[in-house]
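Q: Here it is, the structure, as structure tokens.
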Amino acid sequence: MTDMRDEVLEQFADFTGHEADGLWSAPGRVNLIGEHTDYNGGFVLPFAIDRRTLVALGTREDGMLRVASTFSDEVVELPLGDLAAAQAAGQLRGWAAYPLGVAWALGAVGADLAAVPGADILIDSNVPVGAGLSSSAAIESAVALALNDVWQLGFSRETLARVGQRAENDAVGAPTGIMDQSASLLGAQDAAVFLDCRSLDARVVPLGFEAAGLTILVMDTGVQHAHSTGGYGERRASCEAGAAALGVETLREISIDELDRAGRLLDDVTFRRVRHVVTENQRVIDTVALLESTGPATIGSLLDASHRSLRDDFEVSVPELDLAVETALDNGAIGARMTGGGFGGAAIALVPIEGVSRLQVAVDGAFAEHGFGVPTTFTVRPSAGATRES
Ligand code: ADP
Ligand code: MG
């Protein structure tokens, strides 16, 4: 991380010919439990991880926004004054839609973009892209925090989370919820963020993994998911249809006791989508209760149940994710589940620290045996949220 910080500051100086005003960072996240509940007004329990996106930023006097990333050779420029029109015309595209979308969204929540200076923004990251660890929220949150500081906007972290979500929804065009940005902006060391996506109340819940001799192994299947297309939007539509048929605004309103009634009213597919969301909300609440009473070693069966529900009821898993989870459970993990939106990406296993290398070898072997692509596995530590680095 220290090397990365120095490097990005050097690259910024090469890019602009002067020193950056400052350096900001924001983490990716792992969702411990609570999948596809956020847009249903439900509960999620993500934690910020020790993989971060760095943003070096320097203001400029000509009202131009200029963004570059170590992720791409392309440098994208746009006058601040053209942001609103570009957003309205759907012209914010590709990776630059994330940082430029954040600048636009800051304007949309009340910043006077005519009164602030332009900026050079250089982005670097070690959050794997498209692995379900939310490199998108990391970039949004780091840029939002940086612009909030240099433009002296004084927005709260909760507002900045909504800014990141608006950028993703209305500039990038991905209909995602508020979870990822909340984890990235509100996360804390060795803790998860228990977020109520209806009230947006957030509470930090200590995880105590290390003290319990446990860690989280991420098993990235390498299967790419794309939020802007396909299944994610369909699942959201099913949830909305289910809520409408049950006469509630969101599925958050439905309790486990009401599932029998839902089963009689809904077609089979919609019912199973609803059942996932309703039971998943309860699993989040139960996980928090266990973490706060008996500790992290006791949450394994809730993680397993979450995976089965995502696989069988919500149908967003893929064979690679199922194999990673099964292999983990057969090789010493005390719980495992796919994490993130699904259709690819990563699974997580809660595993005794001394069992990590054995599990990594087992996952590699299982993937090879099934003729799947080579997975990438690495541990993550629950870490601090977005911050100004220098
Ligand atoms: P995830 O959030 O799971 O990693 P997404 O598809 O939501 O996957 O977001 C990935 C996209 O975010 C990338 O395709 C790219 O457009 C953008 N992005 C992520 N990290 C960076 C980065 N360091 N520099 C530029 N763009 C990035
Ligand atoms: Mg994302």
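The way I read the labels, and the way they are meant: chains A, B, ... in the order of the structure tokens, residue 1 as the first residue of every chain, and ligand 1 as the first ligand shown, with later ones counted on from there.
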May I have the residues within 9 Å of ligand 1, computed using only C-alpha atoms and all ligand atoms, as a ChimeraX atom specification?

A: /A:28,53-54,68-72,93-99,122-140,168,172,174,176,180,224-228,340-341,345

Q: Find the residues near Asp201 in chain A: any atom within 12 Å, counting only C-alpha atoms, skip ones fewer than 6 places away on the same chain, and give them as a list in words.

A: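 Using only C-alpha atoms, the neighbours found are Gly41, Gly42, Phe43, Val44, Glu158, Ile178, Met179, Ser182, Leu186, Val193, Phe194 and Leu195 of chain A.
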
Q: Name the residues of range 100-184 of chain A that fall into strand (DSSP E or B) according to DSSP on the backbone, using the chain letters and numbers of this document, as a compact mmCIF listing (two decimals) with all heavy atoms, in the first residue's frame.

A:
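Contents of selection_39.txt, freshly written:
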```
# COMPACT_ATOMS: atom_id res chain seq x y z
N GLY A 118 -11.85 22.99 -11.65
CA GLY A 118 -11.68 21.71 -12.33
C GLY A 118 -10.67 20.84 -11.59
O GLY A 118 -10.15 21.23 -10.54
N ALA A 119 -10.39 19.66 -12.13
CA ALA A 119 -9.47 18.77 -11.43
C ALA A 119 -8.82 17.79 -12.39
O ALA A 119 -9.43 17.35 -13.36
CB ALA A 119 -10.20 18.01 -10.33
N ASP A 120 -7.55 17.47 -12.09
CA ASP A 120 -6.89 16.31 -12.68
C ASP A 120 -7.02 15.18 -11.67
O ASP A 120 -6.74 15.38 -10.47
CB ASP A 120 -5.40 16.60 -12.90
CG ASP A 120 -5.18 17.58 -14.03
OD1 ASP A 120 -5.76 17.39 -15.11
OD2 ASP A 120 -4.43 18.57 -13.80
N ILE A 121 -7.44 14.02 -12.15
CA ILE A 121 -7.68 12.88 -11.26
C ILE A 121 -6.96 11.67 -11.82
O ILE A 121 -7.18 11.29 -12.97
CB ILE A 121 -9.20 12.59 -11.17
CG1 ILE A 121 -9.93 13.78 -10.54
CG2 ILE A 121 -9.47 11.30 -10.40
CD1 ILE A 121 -11.45 13.64 -10.51
N LEU A 122 -6.07 11.10 -11.00
CA LEU A 122 -5.39 9.86 -11.42
C LEU A 122 -5.77 8.74 -10.46
O LEU A 122 -5.68 8.89 -9.24
CB LEU A 122 -3.87 10.04 -11.43
CG LEU A 122 -3.10 8.76 -11.80
CD1 LEU A 122 -3.40 8.32 -13.23
CD2 LEU A 122 -1.60 8.95 -11.60
N ILE A 123 -6.21 7.64 -11.04
CA ILE A 123 -6.76 6.52 -10.27
C ILE A 123 -5.86 5.30 -10.39
O ILE A 123 -5.39 4.97 -11.48
CB ILE A 123 -8.17 6.18 -10.80
CG1 ILE A 123 -9.11 7.36 -10.59
CG2 ILE A 123 -8.72 4.93 -10.11
CD1 ILE A 123 -10.26 7.40 -11.56
N ASP A 124 -5.59 4.66 -9.25
CA ASP A 124 -4.89 3.38 -9.26
C ASP A 124 -5.62 2.47 -8.28
O ASP A 124 -6.27 2.96 -7.36
CB ASP A 124 -3.42 3.57 -8.85
CG ASP A 124 -2.60 2.30 -9.06
OD1 ASP A 124 -3.05 1.41 -9.80
OD2 ASP A 124 -1.51 2.21 -8.46
N SER A 125 -5.52 1.19 -8.47
CA SER A 125 -6.33 0.29 -7.63
C SER A 125 -5.72 -1.09 -7.55
O SER A 125 -5.13 -1.57 -8.52
CB SER A 125 -7.74 0.20 -8.23
OG SER A 125 -8.56 -0.63 -7.44
```

Q: Any chance you could list, as a ChimeraX atom specification, the residues in range 172-356 of chain A that come up alpha helix (DSSP H) when DSSP is run on the backbone?

A: /A:179-186,231-246,259-265,268-293,300-308,319-330,356

Q: Just how far from CA of Ser383 in chain A is CA of Glu210 in chain A, in Å to one decimal?

A: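 Computing the Euclidean distance for CA of Glu210 in chain A and CA of Ser383 in chain A yields 12.2 Å.
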
Q: Which residues, written as a count of residues only, have at least one atom at most 12 Å from Thr221 in chain A, with only C-alpha atoms counted and residues fewer than 2 positions away on the same chain left out?

A: 39

Q: Work out how far CA of Ala211 in chain A is from CA of Ala142 in chain A, in Å to one decimal.

A: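 A separation of 29.7 Å between them.
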
Q: What's the 7 Å shell around Phe314 in chain A, counting only C-alpha atoms, without same-chain residues fewer than 5 positions away, as a PyMOL selection string?

A: chain A and resi 272-273+276+309

Q: Using the selection just defined, write its residues with all heavy atoms as a CSV table (one decimal), in the first residue's frame.

A:
```csv
chain,number,residue,atom,x,y,z
A,272,ARG,N,-40.1,-18.1,-5.4
A,272,ARG,CA,-38.8,-18.5,-4.9
A,272,ARG,C,-37.9,-17.3,-4.8
A,272,ARG,O,-37.0,-17.2,-3.9
A,272,ARG,CB,-38.2,-19.6,-5.9
A,272,ARG,CG,-38.9,-20.9,-5.6
A,272,ARG,CD,-38.2,-22.1,-6.3
A,272,ARG,NE,-38.4,-21.9,-7.8
A,272,ARG,CZ,-37.5,-21.7,-8.7
A,272,ARG,NH1,-36.2,-21.6,-8.3
A,272,ARG,NH2,-37.7,-21.7,-10.0
A,273,ARG,N,-38.0,-16.3,-5.7
A,273,ARG,CA,-37.3,-15.0,-5.6
A,273,ARG,C,-37.6,-14.3,-4.3
A,273,ARG,O,-36.7,-13.9,-3.6
A,273,ARG,CB,-37.6,-14.1,-6.8
A,273,ARG,CG,-37.4,-14.7,-8.2
A,273,ARG,CD,-35.9,-15.1,-8.5
A,273,ARG,NE,-35.8,-15.5,-9.9
A,273,ARG,CZ,-35.5,-16.8,-10.3
A,273,ARG,NH1,-35.4,-17.7,-9.4
A,273,ARG,NH2,-35.4,-17.0,-11.6
A,276,HIS,N,-36.2,-16.2,-1.2
A,276,HIS,CA,-34.8,-15.9,-1.0
A,276,HIS,C,-34.6,-14.6,-0.2
A,276,HIS,O,-33.9,-14.5,0.8
A,276,HIS,CB,-34.0,-15.8,-2.3
A,276,HIS,CG,-32.7,-15.1,-2.0
A,276,HIS,ND1,-31.7,-15.7,-1.3
A,276,HIS,CD2,-32.2,-13.9,-2.3
A,276,HIS,CE1,-30.7,-14.9,-1.1
A,276,HIS,NE2,-31.0,-13.8,-1.7
A,309,SER,N,-29.8,-20.8,-0.8
A,309,SER,CA,-30.9,-19.9,-1.2
A,309,SER,C,-30.6,-19.2,-2.5
A,309,SER,O,-31.5,-19.1,-3.4
A,309,SER,CB,-31.3,-19.0,-0.1
A,309,SER,OG,-32.3,-18.2,-0.4
```

Q: In terms of the shortest atom-to-atom distance over only C-alpha atoms, which of A:Gly154, A:Gly107, A:Pro46, A:Pro175 is closest to Ala237 in chain A?

A: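 Under the stated criterion, the closest residue is A:Pro175.
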
Q: Using only C-alpha atoms, which protein or nucleic acid residues come within 10 Å of Thr16 in chain A? Drop anything in the same chain fewer than 2 positions from it, and give the result as a PDB file with all heavy atoms, in the first residue's frame.

A:
```
ATOM      1  N   GLN A  11       3.229   9.108 -10.487  1.00  0.00           N
ATOM      2  CA  GLN A  11       2.535   9.073 -11.775  1.00  0.00           C
ATOM      3  C   GLN A  11       1.693  10.331 -11.988  1.00  0.00           C
ATOM      4  O   GLN A  11       1.578  10.827 -13.103  1.00  0.00           O
ATOM      5  CB  GLN A  11       1.637   7.828 -11.860  1.00  0.00           C
ATOM      6  CG  GLN A  11       2.430   6.585 -12.185  1.00  0.00           C
ATOM      7  CD  GLN A  11       1.573   5.329 -12.074  1.00  0.00           C
ATOM      8  OE1 GLN A  11       0.675   5.256 -11.232  1.00  0.00           O
ATOM      9  NE2 GLN A  11       1.834   4.355 -12.903  1.00  0.00           N
ATOM     10  N   PHE A  12       1.122  10.829 -10.890  1.00  0.00           N
ATOM     11  CA  PHE A  12       0.334  12.050 -11.005  1.00  0.00           C
ATOM     12  C   PHE A  12       1.222  13.204 -11.462  1.00  0.00           C
ATOM     13  O   PHE A  12       0.846  13.987 -12.341  1.00  0.00           O
ATOM     14  CB  PHE A  12      -0.339  12.398  -9.672  1.00  0.00           C
ATOM     15  CG  PHE A  12      -1.233  13.605  -9.768  1.00  0.00           C
ATOM     16  CD1 PHE A  12      -2.583  13.463 -10.064  1.00  0.00           C
ATOM     17  CD2 PHE A  12      -0.725  14.892  -9.596  1.00  0.00           C
ATOM     18  CE1 PHE A  12      -3.408  14.574 -10.187  1.00  0.00           C
ATOM     19  CE2 PHE A  12      -1.541  16.007  -9.714  1.00  0.00           C
ATOM     20  CZ  PHE A  12      -2.878  15.842 -10.006  1.00  0.00           C
ATOM     21  N   ALA A  13       2.431  13.277 -10.880  1.00  0.00           N
ATOM     22  CA  ALA A  13       3.363  14.349 -11.255  1.00  0.00           C
ATOM     23  C   ALA A  13       3.755  14.220 -12.732  1.00  0.00           C
ATOM     24  O   ALA A  13       3.846  15.228 -13.449  1.00  0.00           O
ATOM     25  CB  ALA A  13       4.587  14.308 -10.351  1.00  0.00           C
ATOM     26  N   ASP A  14       3.949  12.986 -13.208  1.00  0.00           N
ATOM     27  CA  ASP A  14       4.245  12.774 -14.636  1.00  0.00           C
ATOM     28  C   ASP A  14       3.067  13.201 -15.509  1.00  0.00           C
ATOM     29  O   ASP A  14       3.238  13.780 -16.578  1.00  0.00           O
ATOM     30  CB  ASP A  14       4.515  11.284 -14.923  1.00  0.00           C
ATOM     31  CG  ASP A  14       5.840  10.841 -14.336  1.00  0.00           C
ATOM     32  OD1 ASP A  14       6.659  11.732 -13.987  1.00  0.00           O
ATOM     33  OD2 ASP A  14       6.047   9.618 -14.213  1.00  0.00           O
ATOM     34  N   HIS A  18       2.807  18.640 -12.124  1.00  0.00           N
ATOM     35  CA  HIS A  18       2.899  19.232 -10.777  1.00  0.00           C
ATOM     36  C   HIS A  18       2.446  18.231  -9.725  1.00  0.00           C
ATOM     37  O   HIS A  18       1.935  17.168 -10.055  1.00  0.00           O
ATOM     38  CB  HIS A  18       2.103  20.533 -10.685  1.00  0.00           C
ATOM     39  CG  HIS A  18       0.661  20.375 -11.069  1.00  0.00           C
ATOM     40  ND1 HIS A  18      -0.293  19.898 -10.225  1.00  0.00           N
ATOM     41  CD2 HIS A  18       0.024  20.596 -12.258  1.00  0.00           C
ATOM     42  CE1 HIS A  18      -1.456  19.841 -10.843  1.00  0.00           C
ATOM     43  NE2 HIS A  18      -1.295  20.257 -12.080  1.00  0.00           N
ATOM     44  N   GLU A  19       2.637  18.609  -8.466  1.00  0.00           N
ATOM     45  CA  GLU A  19       2.272  17.723  -7.358  1.00  0.00           C
ATOM     46  C   GLU A  19       0.760  17.666  -7.191  1.00  0.00           C
ATOM     47  O   GLU A  19       0.058  18.645  -7.465  1.00  0.00           O
ATOM     48  CB  GLU A  19       2.856  18.265  -6.040  1.00  0.00           C
ATOM     49  CG  GLU A  19       4.347  18.471  -6.049  1.00  0.00           C
ATOM     50  CD  GLU A  19       5.082  17.207  -5.629  1.00  0.00           C
ATOM     51  OE1 GLU A  19       4.939  16.811  -4.460  1.00  0.00           O
ATOM     52  OE2 GLU A  19       5.776  16.618  -6.496  1.00  0.00           O
ATOM     53  N   ALA A  20       0.283  16.536  -6.672  1.00  0.00           N
ATOM     54  CA  ALA A  20      -1.143  16.426  -6.351  1.00  0.00           C
ATOM     55  C   ALA A  20      -1.468  17.259  -5.110  1.00  0.00           C
ATOM     56  O   ALA A  20      -0.615  17.464  -4.261  1.00  0.00           O
ATOM     57  CB  ALA A  20      -1.502  14.966  -6.102  1.00  0.00           C
ATOM     58  N   GLY A  58      -5.500  16.900  -8.204  1.00  0.00           N
ATOM     59  CA  GLY A  58      -5.038  18.279  -8.133  1.00  0.00           C
ATOM     60  C   GLY A  58      -6.047  19.176  -8.842  1.00  0.00           C
ATOM     61  O   GLY A  58      -6.553  18.812  -9.900  1.00  0.00           O
ATOM     62  N   ARG A  66     -10.178  16.167 -15.837  1.00  0.00           N
ATOM     63  CA  ARG A  66      -9.347  15.291 -16.665  1.00  0.00           C
ATOM     64  C   ARG A  66      -9.074  14.044 -15.846  1.00  0.00           C
ATOM     65  O   ARG A  66      -8.509  14.139 -14.754  1.00  0.00           O
ATOM     66  CB  ARG A  66      -8.046  16.004 -17.019  1.00  0.00           C
ATOM     67  CG  ARG A  66      -7.365  15.475 -18.270  1.00  0.00           C
ATOM     68  CD  ARG A  66      -6.435  16.532 -18.845  1.00  0.00           C
ATOM     69  NE  ARG A  66      -5.289  16.741 -17.973  1.00  0.00           N
ATOM     70  CZ  ARG A  66      -4.048  16.306 -18.236  1.00  0.00           C
ATOM     71  NH1 ARG A  66      -3.786  15.658 -19.353  1.00  0.00           N
ATOM     72  NH2 ARG A  66      -3.070  16.542 -17.394  1.00  0.00           N
ATOM     73  N   ASP A 120      -7.555  17.473 -12.089  1.00  0.00           N
ATOM     74  CA  ASP A 120      -6.891  16.308 -12.677  1.00  0.00           C
ATOM     75  C   ASP A 120      -7.023  15.184 -11.669  1.00  0.00           C
ATOM     76  O   ASP A 120      -6.744  15.380 -10.473  1.00  0.00           O
ATOM     77  CB  ASP A 120      -5.400  16.597 -12.901  1.00  0.00           C
ATOM     78  CG  ASP A 120      -5.183  17.584 -14.027  1.00  0.00           C
ATOM     79  OD1 ASP A 120      -5.761  17.390 -15.113  1.00  0.00           O
ATOM     80  OD2 ASP A 120      -4.433  18.566 -13.805  1.00  0.00           O
ATOM     81  N   ILE A 121      -7.439  14.021 -12.149  1.00  0.00           N
ATOM     82  CA  ILE A 121      -7.681  12.884 -11.260  1.00  0.00           C
ATOM     83  C   ILE A 121      -6.956  11.667 -11.818  1.00  0.00           C
ATOM     84  O   ILE A 121      -7.177  11.292 -12.967  1.00  0.00           O
ATOM     85  CB  ILE A 121      -9.202  12.594 -11.165  1.00  0.00           C
ATOM     86  CG1 ILE A 121      -9.933  13.783 -10.535  1.00  0.00           C
ATOM     87  CG2 ILE A 121      -9.468  11.305 -10.397  1.00  0.00           C
ATOM     88  CD1 ILE A 121     -11.455  13.637 -10.510  1.00  0.00           C
ATOM     89  N   LEU A 122      -6.068  11.101 -11.003  1.00  0.00           N
ATOM     90  CA  LEU A 122      -5.392   9.863 -11.417  1.00  0.00           C
ATOM     91  C   LEU A 122      -5.774   8.739 -10.460  1.00  0.00           C
ATOM     92  O   LEU A 122      -5.676   8.889  -9.240  1.00  0.00           O
ATOM     93  CB  LEU A 122      -3.873  10.043 -11.427  1.00  0.00           C
ATOM     94  CG  LEU A 122      -3.101   8.762 -11.804  1.00  0.00           C
ATOM     95  CD1 LEU A 122      -3.398   8.324 -13.231  1.00  0.00           C
ATOM     96  CD2 LEU A 122      -1.600   8.952 -11.601  1.00  0.00           C
TER      97      LEU A 122
END
```

Q: Between CA of Phe15 in chain A and CA of Leu83 in chain A, what is the distance, to one decimal in Å?

A: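 That distance, rounded to one decimal, is 22.4 Å.
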
Q: Taking only C-alpha atoms into account, name the residue in A:Leu350, A:Leu78, A:Leu214, A:Val380 that is nearest to Asp304 in chain A.

A: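 So, comparing all the options, the nearest one is A:Leu350.
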
Q: At a cut-off of 9 Å, using only C-alpha atoms, what residues contact Leu147 in chain A? Leave out same-chain residues fewer than 2 positions from it and give the result as a PDB file with all heavy atoms, in the first residue's frame.

A:
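Dumped everything to selection_24.pdb:
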```pdb
ATOM      1  N   LEU A  57      -5.351  13.709  -6.697  1.00  0.00           N
ATOM      2  CA  LEU A  57      -6.148  14.764  -7.320  1.00  0.00           C
ATOM      3  C   LEU A  57      -5.478  16.122  -7.154  1.00  0.00           C
ATOM      4  O   LEU A  57      -4.936  16.420  -6.089  1.00  0.00           O
ATOM      5  CB  LEU A  57      -7.546  14.766  -6.681  1.00  0.00           C
ATOM      6  CG  LEU A  57      -8.601  15.687  -7.295  1.00  0.00           C
ATOM      7  CD1 LEU A  57      -9.993  15.105  -7.112  1.00  0.00           C
ATOM      8  CD2 LEU A  57      -8.535  17.080  -6.674  1.00  0.00           C
ATOM      9  N   VAL A 102     -19.519  10.586 -10.741  1.00  0.00           N
ATOM     10  CA  VAL A 102     -19.505  11.057  -9.353  1.00  0.00           C
ATOM     11  C   VAL A 102     -19.520  12.587  -9.319  1.00  0.00           C
ATOM     12  O   VAL A 102     -20.273  13.192  -8.548  1.00  0.00           O
ATOM     13  CB  VAL A 102     -18.280  10.497  -8.599  1.00  0.00           C
ATOM     14  CG1 VAL A 102     -18.030  11.249  -7.306  1.00  0.00           C
ATOM     15  CG2 VAL A 102     -18.474   9.007  -8.315  1.00  0.00           C
ATOM     16  N   ALA A 103     -18.710  13.216 -10.179  1.00  0.00           N
ATOM     17  CA  ALA A 103     -18.706  14.684 -10.230  1.00  0.00           C
ATOM     18  C   ALA A 103     -20.103  15.197 -10.593  1.00  0.00           C
ATOM     19  O   ALA A 103     -20.628  16.130  -9.970  1.00  0.00           O
ATOM     20  CB  ALA A 103     -17.666  15.166 -11.244  1.00  0.00           C
ATOM     21  N   LEU A 106     -22.491  14.741  -7.613  1.00  0.00           N
ATOM     22  CA  LEU A 106     -22.298  15.747  -6.564  1.00  0.00           C
ATOM     23  C   LEU A 106     -23.106  16.996  -6.919  1.00  0.00           C
ATOM     24  O   LEU A 106     -23.735  17.611  -6.058  1.00  0.00           O
ATOM     25  CB  LEU A 106     -20.812  16.083  -6.395  1.00  0.00           C
ATOM     26  CG  LEU A 106     -19.990  14.998  -5.679  1.00  0.00           C
ATOM     27  CD1 LEU A 106     -18.489  15.239  -5.859  1.00  0.00           C
ATOM     28  CD2 LEU A 106     -20.331  14.939  -4.175  1.00  0.00           C
ATOM     29  N   ALA A 119     -10.392  19.662 -12.134  1.00  0.00           N
ATOM     30  CA  ALA A 119      -9.467  18.772 -11.429  1.00  0.00           C
ATOM     31  C   ALA A 119      -8.816  17.785 -12.387  1.00  0.00           C
ATOM     32  O   ALA A 119      -9.425  17.349 -13.361  1.00  0.00           O
ATOM     33  CB  ALA A 119     -10.196  18.006 -10.331  1.00  0.00           C
ATOM     34  N   ALA A 142     -13.802   6.763  -3.524  1.00  0.00           N
ATOM     35  CA  ALA A 142     -12.539   7.513  -3.432  1.00  0.00           C
ATOM     36  C   ALA A 142     -12.668   8.858  -4.146  1.00  0.00           C
ATOM     37  O   ALA A 142     -12.234   9.894  -3.628  1.00  0.00           O
ATOM     38  CB  ALA A 142     -11.396   6.687  -4.032  1.00  0.00           C
ATOM     39  N   VAL A 143     -13.289   8.846  -5.324  1.00  0.00           N
ATOM     40  CA  VAL A 143     -13.449  10.112  -6.062  1.00  0.00           C
ATOM     41  C   VAL A 143     -14.415  11.038  -5.325  1.00  0.00           C
ATOM     42  O   VAL A 143     -14.178  12.246  -5.218  1.00  0.00           O
ATOM     43  CB  VAL A 143     -13.934   9.839  -7.512  1.00  0.00           C
ATOM     44  CG1 VAL A 143     -14.298  11.136  -8.218  1.00  0.00           C
ATOM     45  CG2 VAL A 143     -12.863   9.084  -8.304  1.00  0.00           C
ATOM     46  N   ALA A 144     -15.494  10.473  -4.786  1.00  0.00           N
ATOM     47  CA  ALA A 144     -16.477  11.309  -4.076  1.00  0.00           C
ATOM     48  C   ALA A 144     -15.839  11.978  -2.861  1.00  0.00           C
ATOM     49  O   ALA A 144     -16.037  13.170  -2.620  1.00  0.00           O
ATOM     50  CB  ALA A 144     -17.676  10.458  -3.647  1.00  0.00           C
ATOM     51  N   LEU A 145     -15.048  11.198  -2.103  1.00  0.00           N
ATOM     52  CA  LEU A 145     -14.411  11.766  -0.908  1.00  0.00           C
ATOM     53  C   LEU A 145     -13.396  12.846  -1.308  1.00  0.00           C
ATOM     54  O   LEU A 145     -13.326  13.913  -0.691  1.00  0.00           O
ATOM     55  CB  LEU A 145     -13.718  10.657  -0.119  1.00  0.00           C
ATOM     56  CG  LEU A 145     -13.296  11.013   1.298  1.00  0.00           C
ATOM     57  CD1 LEU A 145     -14.523  11.224   2.182  1.00  0.00           C
ATOM     58  CD2 LEU A 145     -12.429   9.900   1.902  1.00  0.00           C
ATOM     59  N   ASP A 149     -13.738  16.899  -0.473  1.00  0.00           N
ATOM     60  CA  ASP A 149     -12.709  17.643   0.260  1.00  0.00           C
ATOM     61  C   ASP A 149     -12.241  18.871  -0.518  1.00  0.00           C
ATOM     62  O   ASP A 149     -12.289  19.987  -0.011  1.00  0.00           O
ATOM     63  CB  ASP A 149     -11.499  16.739   0.543  1.00  0.00           C
ATOM     64  CG  ASP A 149     -11.700  15.882   1.786  1.00  0.00           C
ATOM     65  OD1 ASP A 149     -12.773  15.985   2.422  1.00  0.00           O
ATOM     66  OD2 ASP A 149     -10.785  15.105   2.120  1.00  0.00           O
ATOM     67  N   VAL A 150     -11.784  18.668  -1.770  1.00  0.00           N
ATOM     68  CA  VAL A 150     -11.158  19.812  -2.462  1.00  0.00           C
ATOM     69  C   VAL A 150     -12.191  20.847  -2.878  1.00  0.00           C
ATOM     70  O   VAL A 150     -11.877  22.027  -2.989  1.00  0.00           O
ATOM     71  CB  VAL A 150     -10.303  19.392  -3.680  1.00  0.00           C
ATOM     72  CG1 VAL A 150      -9.126  18.547  -3.252  1.00  0.00           C
ATOM     73  CG2 VAL A 150     -11.129  18.712  -4.741  1.00  0.00           C
ATOM     74  N   TRP A 151     -13.419  20.405  -3.087  1.00  0.00           N
ATOM     75  CA  TRP A 151     -14.485  21.372  -3.408  1.00  0.00           C
ATOM     76  C   TRP A 151     -15.161  21.903  -2.144  1.00  0.00           C
ATOM     77  O   TRP A 151     -16.103  22.680  -2.215  1.00  0.00           O
ATOM     78  CB  TRP A 151     -15.536  20.721  -4.321  1.00  0.00           C
ATOM     79  CG  TRP A 151     -15.083  20.543  -5.744  1.00  0.00           C
ATOM     80  CD1 TRP A 151     -13.972  21.080  -6.322  1.00  0.00           C
ATOM     81  CD2 TRP A 151     -15.740  19.769  -6.785  1.00  0.00           C
ATOM     82  NE1 TRP A 151     -13.891  20.697  -7.644  1.00  0.00           N
ATOM     83  CE2 TRP A 151     -14.966  19.898  -7.953  1.00  0.00           C
ATOM     84  CE3 TRP A 151     -16.893  18.999  -6.821  1.00  0.00           C
ATOM     85  CZ2 TRP A 151     -15.314  19.274  -9.153  1.00  0.00           C
ATOM     86  CZ3 TRP A 151     -17.240  18.373  -8.018  1.00  0.00           C
ATOM     87  CH2 TRP A 151     -16.460  18.515  -9.170  1.00  0.00           C
ATOM     88  N   GLN A 152     -14.714  21.437  -0.987  1.00  0.00           N
ATOM     89  CA  GLN A 152     -15.212  21.897   0.318  1.00  0.00           C
ATOM     90  C   GLN A 152     -16.728  21.849   0.387  1.00  0.00           C
ATOM     91  O   GLN A 152     -17.395  22.813   0.750  1.00  0.00           O
ATOM     92  CB  GLN A 152     -14.689  23.309   0.615  1.00  0.00           C
ATOM     93  CG  GLN A 152     -13.173  23.345   0.606  1.00  0.00           C
ATOM     94  CD  GLN A 152     -12.604  24.720   0.941  1.00  0.00           C
ATOM     95  OE1 GLN A 152     -13.289  25.729   0.835  1.00  0.00           O
ATOM     96  NE2 GLN A 152     -11.362  24.748   1.360  1.00  0.00           N
ATOM     97  N   LEU A 153     -17.284  20.673   0.047  1.00  0.00           N
ATOM     98  CA  LEU A 153     -18.741  20.541  -0.033  1.00  0.00           C
ATOM     99  C   LEU A 153     -19.360  20.182   1.318  1.00  0.00           C
ATOM    100  O   LEU A 153     -20.526  20.479   1.567  1.00  0.00           O
ATOM    101  CB  LEU A 153     -19.113  19.475  -1.079  1.00  0.00           C
ATOM    102  CG  LEU A 153     -18.599  19.770  -2.496  1.00  0.00           C
ATOM    103  CD1 LEU A 153     -18.883  18.596  -3.425  1.00  0.00           C
ATOM    104  CD2 LEU A 153     -19.231  21.054  -3.038  1.00  0.00           C
TER     105      LEU A 153
END
```
